[in-house]
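Presented below is the structure to which this report refers.
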Amino acid sequence: MTTPLGAQVDPRVRSVSTSDREVAHALIRKNYRITRLEGEGPDPFTYSRAVSGETRFALCRFEYRRGRLLTESEPVGFLVAGGVMAGRLSLSTRGHEIRVAPGTPIAFPSHDAKTMESIDLVLGQVLLDRAAVEHELAAMRLSAPGGLRSLATEAVSPAMGRYWSELVTHVHEHVIRNDAAMASPLVRGSAFRSLVAAYLEAFETNVVVLGGDGQAPLPSTVRRAREFIEQHAHDDIGVVEIAEAARVTPRALQLAFRRHLDSTPMAELRRARLRGAHGDLVMADPTLGHTVAGIALSWGFAHPGRFAAQYTAEFGRSPRDTLEA
């Protein structure tokens, strides 16, 4: 069973620091599934670890200054991607070893034991709760046979690596460090979904895109269209914009959706907006003034009654029931 992120890492800002190497090693063993640990170096020595975020996603800054650290560890209950901010780091799993250059994003092994050796390390990490990510896959009509796992350490391309890094910087600067943003379930939900999408695009995983029957892979035209819909469901888009993103004519797009999904682009857009509204309703708090009408309007549903009917048909319960649950 997957252990929730919150059970291993307190999701609100928590930090610890010490200049005692033995205390540092005890803390590292407590926070990670360590099977072997060796550390040495001159004094003065410093260790610190700071985590901030929420139960589905968190950012961690790990520092082991003025020293060499060698660890062997088992997989943990969350997905981890990060990068070296200072110092040196090498990582190996099952005969595969890489030296991580500063500023280069990597995905840490999700299912394999790993060995890490570092010198004077400052490491930034993004922690994504595995269960929450796998739940999000269903909303994105993706599948990860046998459970979601990372398949490679490096980003799929330098461009996608930069995209991941820039998104993480944005989430850190404009969401996590912004008290008002972190107080909003809608903003936190949007940040989480953005991190999930970026992780799946930037790093190789076993995720596959499913067709309308839940099994057949989709052609690139339909896949590009659906990716555009998911990314821009909050925007004022229609068939023309979706077709441009898919690199086909609106007529060809309509035919492709009908053939492979037994649906239409606008129906898919409406479902994407309903899923977005559903996620916001789940995270909303009526005591903070969140309302069904306000959330519906933010996702482009101007008619509350029509939204309620479509939502109930899609999720089997009324939006008010979801808000008040």
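Order determines the names: the first chain of the structure tokens is A, the second B, and so forth; residues in each chain are numbered 1 upward, and ligands are numbered 1 upward as they are shown.
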
Practice problem: Compile the contact shell of Val196 of chain A as a list in words: residues with an atom at most 9 Å away, counting only C-alpha atoms, same-chain residues fewer than 4 positions apart removed. | Solution: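 So, after excluding close chain neighbours, the residues are Leu128, Val133, Glu136, Leu137, Ala191, Phe192, Leu200 and Glu201 of chain A.
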
Restricting it to all heavy atoms, dump the selection as a compact mmCIF listing (two decimals), in the first residue's frame.
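The file below, selection.txt, is the result:
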# COMPACT_ATOMS: atom_id res chain seq x y z
N LEU A 128 6.01 14.22 -5.03
CA LEU A 128 4.63 14.07 -5.47
C LEU A 128 4.06 12.79 -4.88
O LEU A 128 4.63 11.71 -5.09
CB LEU A 128 4.55 14.01 -7.00
CG LEU A 128 5.03 15.24 -7.77
CD1 LEU A 128 5.06 14.94 -9.27
CD2 LEU A 128 4.14 16.43 -7.49
N VAL A 133 -1.12 11.21 -7.54
CA VAL A 133 -0.78 11.30 -8.97
C VAL A 133 -1.53 10.23 -9.75
O VAL A 133 -2.10 10.50 -10.82
CB VAL A 133 0.73 11.17 -9.18
CG1 VAL A 133 1.05 11.11 -10.68
CG2 VAL A 133 1.47 12.34 -8.55
N GLU A 136 -4.96 11.18 -10.31
CA GLU A 136 -5.06 12.21 -11.34
C GLU A 136 -4.98 11.62 -12.74
O GLU A 136 -5.56 12.14 -13.68
CB GLU A 136 -3.95 13.25 -11.15
CG GLU A 136 -4.07 14.48 -12.02
CD GLU A 136 -5.27 15.35 -11.67
OE1 GLU A 136 -5.81 15.22 -10.56
OE2 GLU A 136 -5.67 16.15 -12.53
N LEU A 137 -4.26 10.50 -12.90
CA LEU A 137 -4.16 9.87 -14.22
C LEU A 137 -5.53 9.51 -14.77
O LEU A 137 -5.78 9.67 -15.96
CB LEU A 137 -3.30 8.60 -14.13
CG LEU A 137 -1.82 8.76 -13.80
CD1 LEU A 137 -1.14 7.41 -13.82
CD2 LEU A 137 -1.15 9.71 -14.78
N ALA A 191 -1.81 23.99 -9.07
CA ALA A 191 -0.36 23.78 -9.00
C ALA A 191 -0.03 22.29 -9.04
O ALA A 191 0.91 21.86 -9.73
CB ALA A 191 0.20 24.42 -7.73
N PHE A 192 -0.80 21.50 -8.32
CA PHE A 192 -0.56 20.06 -8.30
C PHE A 192 -0.76 19.46 -9.69
O PHE A 192 0.08 18.69 -10.18
CB PHE A 192 -1.50 19.39 -7.31
CG PHE A 192 -1.49 17.89 -7.39
CD1 PHE A 192 -0.36 17.17 -7.03
CD2 PHE A 192 -2.60 17.19 -7.83
CE1 PHE A 192 -0.34 15.78 -7.11
CE2 PHE A 192 -2.60 15.81 -7.91
CZ PHE A 192 -1.46 15.10 -7.54
N LEU A 200 5.03 14.07 -16.06
CA LEU A 200 4.75 13.03 -17.05
C LEU A 200 5.33 13.37 -18.42
O LEU A 200 5.70 12.48 -19.19
CB LEU A 200 3.24 12.81 -17.17
CG LEU A 200 2.54 12.29 -15.90
CD1 LEU A 200 1.05 12.18 -16.14
CD2 LEU A 200 3.13 10.97 -15.46
N GLU A 201 5.40 14.66 -18.74
CA GLU A 201 5.95 15.08 -20.03
C GLU A 201 7.48 15.15 -20.00
O GLU A 201 8.15 14.84 -20.99
CB GLU A 201 5.38 16.44 -20.43
CG GLU A 201 3.93 16.42 -20.84
CD GLU A 201 3.69 15.67 -22.14
OE1 GLU A 201 4.63 15.58 -22.95
OE2 GLU A 201 2.57 15.18 -22.34

Self-check item: Residues of segment 182-310 of chain A in alpha helix (DSSP H), written as a count of residues only
Solution: 85

Quiz item: Contacts of Thr264 of chain A at 12 Å or less, counting only C-alpha atoms, minus same-chain residues fewer than 3 places along, as a ChimeraX atom specification?
Solution: /A:212,222,225-226,229,238-239,242-243,250-261,267-271

For the residues in that selection, give me N, CA and C atoms as a PDB file, in the first residue's frame.
ATOM      1  N   GLY A 212     -10.980   5.759 -26.443  1.00  0.00           N
ATOM      2  CA  GLY A 212     -12.321   5.809 -25.885  1.00  0.00           C
ATOM      3  C   GLY A 212     -12.749   4.509 -25.235  1.00  0.00           C
ATOM      4  N   VAL A 222      -5.301  13.176 -32.259  1.00  0.00           N
ATOM      5  CA  VAL A 222      -6.240  13.206 -31.136  1.00  0.00           C
ATOM      6  C   VAL A 222      -5.497  13.455 -29.834  1.00  0.00           C
ATOM      7  N   ALA A 225      -4.656  17.093 -29.523  1.00  0.00           N
ATOM      8  CA  ALA A 225      -5.872  17.858 -29.248  1.00  0.00           C
ATOM      9  C   ALA A 225      -6.278  17.721 -27.790  1.00  0.00           C
ATOM     10  N   ARG A 226      -6.217  16.512 -27.273  1.00  0.00           N
ATOM     11  CA  ARG A 226      -6.633  16.302 -25.889  1.00  0.00           C
ATOM     12  C   ARG A 226      -5.648  16.931 -24.909  1.00  0.00           C
ATOM     13  N   ILE A 229      -6.525  20.525 -24.866  1.00  0.00           N
ATOM     14  CA  ILE A 229      -7.758  20.737 -24.110  1.00  0.00           C
ATOM     15  C   ILE A 229      -7.467  20.713 -22.610  1.00  0.00           C
ATOM     16  N   GLY A 238     -12.080  27.031 -28.534  1.00  0.00           N
ATOM     17  CA  GLY A 238     -13.122  26.313 -29.238  1.00  0.00           C
ATOM     18  C   GLY A 238     -12.504  25.353 -30.228  1.00  0.00           C
ATOM     19  N   VAL A 239     -13.312  24.866 -31.161  1.00  0.00           N
ATOM     20  CA  VAL A 239     -12.853  23.868 -32.126  1.00  0.00           C
ATOM     21  C   VAL A 239     -11.699  24.390 -32.963  1.00  0.00           C
ATOM     22  N   ILE A 242      -8.469  24.301 -30.962  1.00  0.00           N
ATOM     23  CA  ILE A 242      -8.071  22.913 -30.704  1.00  0.00           C
ATOM     24  C   ILE A 242      -7.513  22.278 -31.978  1.00  0.00           C
ATOM     25  N   ALA A 243      -8.160  22.546 -33.103  1.00  0.00           N
ATOM     26  CA  ALA A 243      -7.694  21.992 -34.376  1.00  0.00           C
ATOM     27  C   ALA A 243      -6.314  22.537 -34.745  1.00  0.00           C
ATOM     28  N   PRO A 250     -10.573  21.838 -38.639  1.00  0.00           N
ATOM     29  CA  PRO A 250     -11.661  21.516 -37.716  1.00  0.00           C
ATOM     30  C   PRO A 250     -12.481  20.308 -38.168  1.00  0.00           C
ATOM     31  N   ARG A 251     -12.706  20.190 -39.471  1.00  0.00           N
ATOM     32  CA  ARG A 251     -13.472  19.047 -39.979  1.00  0.00           C
ATOM     33  C   ARG A 251     -12.741  17.730 -39.719  1.00  0.00           C
ATOM     34  N   ALA A 252     -11.429  17.722 -39.985  1.00  0.00           N
ATOM     35  CA  ALA A 252     -10.642  16.505 -39.756  1.00  0.00           C
ATOM     36  C   ALA A 252     -10.602  16.155 -38.269  1.00  0.00           C
ATOM     37  N   LEU A 253     -10.560  17.185 -37.443  1.00  0.00           N
ATOM     38  CA  LEU A 253     -10.541  16.945 -36.000  1.00  0.00           C
ATOM     39  C   LEU A 253     -11.860  16.331 -35.543  1.00  0.00           C
ATOM     40  N   GLN A 254     -12.963  16.860 -36.051  1.00  0.00           N
ATOM     41  CA  GLN A 254     -14.273  16.316 -35.691  1.00  0.00           C
ATOM     42  C   GLN A 254     -14.365  14.845 -36.073  1.00  0.00           C
ATOM     43  N   LEU A 255     -13.889  14.511 -37.266  1.00  0.00           N
ATOM     44  CA  LEU A 255     -13.950  13.120 -37.734  1.00  0.00           C
ATOM     45  C   LEU A 255     -13.056  12.217 -36.883  1.00  0.00           C
ATOM     46  N   ALA A 256     -11.876  12.715 -36.518  1.00  0.00           N
ATOM     47  CA  ALA A 256     -10.952  11.915 -35.712  1.00  0.00           C
ATOM     48  C   ALA A 256     -11.536  11.626 -34.337  1.00  0.00           C
ATOM     49  N   PHE A 257     -12.155  12.632 -33.725  1.00  0.00           N
ATOM     50  CA  PHE A 257     -12.752  12.434 -32.408  1.00  0.00           C
ATOM     51  C   PHE A 257     -13.920  11.454 -32.484  1.00  0.00           C
ATOM     52  N   ARG A 258     -14.698  11.582 -33.541  1.00  0.00           N
ATOM     53  CA  ARG A 258     -15.839  10.685 -33.679  1.00  0.00           C
ATOM     54  C   ARG A 258     -15.374   9.246 -33.878  1.00  0.00           C
ATOM     55  N   ARG A 259     -14.316   9.072 -34.655  1.00  0.00           N
ATOM     56  CA  ARG A 259     -13.837   7.723 -34.956  1.00  0.00           C
ATOM     57  C   ARG A 259     -13.154   7.070 -33.766  1.00  0.00           C
ATOM     58  N   HIS A 260     -12.302   7.810 -33.070  1.00  0.00           N
ATOM     59  CA  HIS A 260     -11.473   7.202 -32.036  1.00  0.00           C
ATOM     60  C   HIS A 260     -12.040   7.343 -30.621  1.00  0.00           C
ATOM     61  N   LEU A 261     -12.889   8.329 -30.393  1.00  0.00           N
ATOM     62  CA  LEU A 261     -13.434   8.547 -29.055  1.00  0.00           C
ATOM     63  C   LEU A 261     -14.949   8.456 -29.006  1.00  0.00           C
ATOM     64  N   ALA A 267     -17.332  18.309 -26.671  1.00  0.00           N
ATOM     65  CA  ALA A 267     -17.763  17.437 -25.578  1.00  0.00           C
ATOM     66  C   ALA A 267     -16.578  17.104 -24.680  1.00  0.00           C
ATOM     67  N   GLU A 268     -15.412  16.872 -25.286  1.00  0.00           N
ATOM     68  CA  GLU A 268     -14.208  16.595 -24.496  1.00  0.00           C
ATOM     69  C   GLU A 268     -13.797  17.820 -23.684  1.00  0.00           C
ATOM     70  N   LEU A 269     -13.948  19.004 -24.271  1.00  0.00           N
ATOM     71  CA  LEU A 269     -13.640  20.232 -23.548  1.00  0.00           C
ATOM     72  C   LEU A 269     -14.583  20.400 -22.365  1.00  0.00           C
ATOM     73  N   ARG A 270     -15.849  20.122 -22.566  1.00  0.00           N
ATOM     74  CA  ARG A 270     -16.801  20.241 -21.464  1.00  0.00           C
ATOM     75  C   ARG A 270     -16.456  19.262 -20.342  1.00  0.00           C
ATOM     76  N   ARG A 271     -16.076  18.031 -20.696  1.00  0.00           N
ATOM     77  CA  ARG A 271     -15.700  17.060 -19.663  1.00  0.00           C
ATOM     78  C   ARG A 271     -14.441  17.506 -18.917  1.00  0.00           C
TER      79      ARG A 271
END

Practice problem: Find the spatial neighbours of Ser92 of chain A, counting only C-alpha atoms, within a cut-off of 7 Å - ignore same-chain residues fewer than 4 positions away - and output them as a ChimeraX atom specification. | Solution: /A:96-98,114-116

Quiz prompt | DSSP-assigned strand (DSSP E) among segment 20-103 of chain A, expressed as a ChimeraX atom specification | solution = /A:34-40,46-53,57-73,78-93,96-100

Quiz prompt | Nearest candidate to Gly276 of chain A (options A:Leu297, A:Ala144, A:His234, A:Asp129; using only C-alpha atoms) | solution =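 Counting only C-alpha atoms, the residue closest to Gly276 of chain A is A:His234.
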
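With only C-alpha atoms taken into account, the protein and nucleic acid residues at most 10 Å from Arg21 of chain A (excluding it and anything under 2 positions from it in its own chain) are A:Thr18, A:Ser19, A:Val23, A:Ala24, A:His25, A:Ala26, A:Leu27, A:Gly39, A:Glu40, A:Gly41, A:Asp43, A:Pro44, A:Phe45, A:Thr46, A:Tyr47, A:Tyr64, A:Gly67.
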
Quiz item: Which residue, A:Gly77, A:Gly82, A:Pro185, A:Gly124, has the smallest gap to Arg61 of chain A when you use only C-alpha atoms?
Solution: A:Gly124

Quiz prompt | Pro75 of chain A environment, 8 Å, only C-alpha atoms, sequence neighbours closer than 2 positions dropped, as a PyMOL selection string | solution = chain A and resi 33+73+77+109-114

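Atom CA of Ala245 of chain A sits 8.9 Å away from atom CA of Thr221 of chain A.
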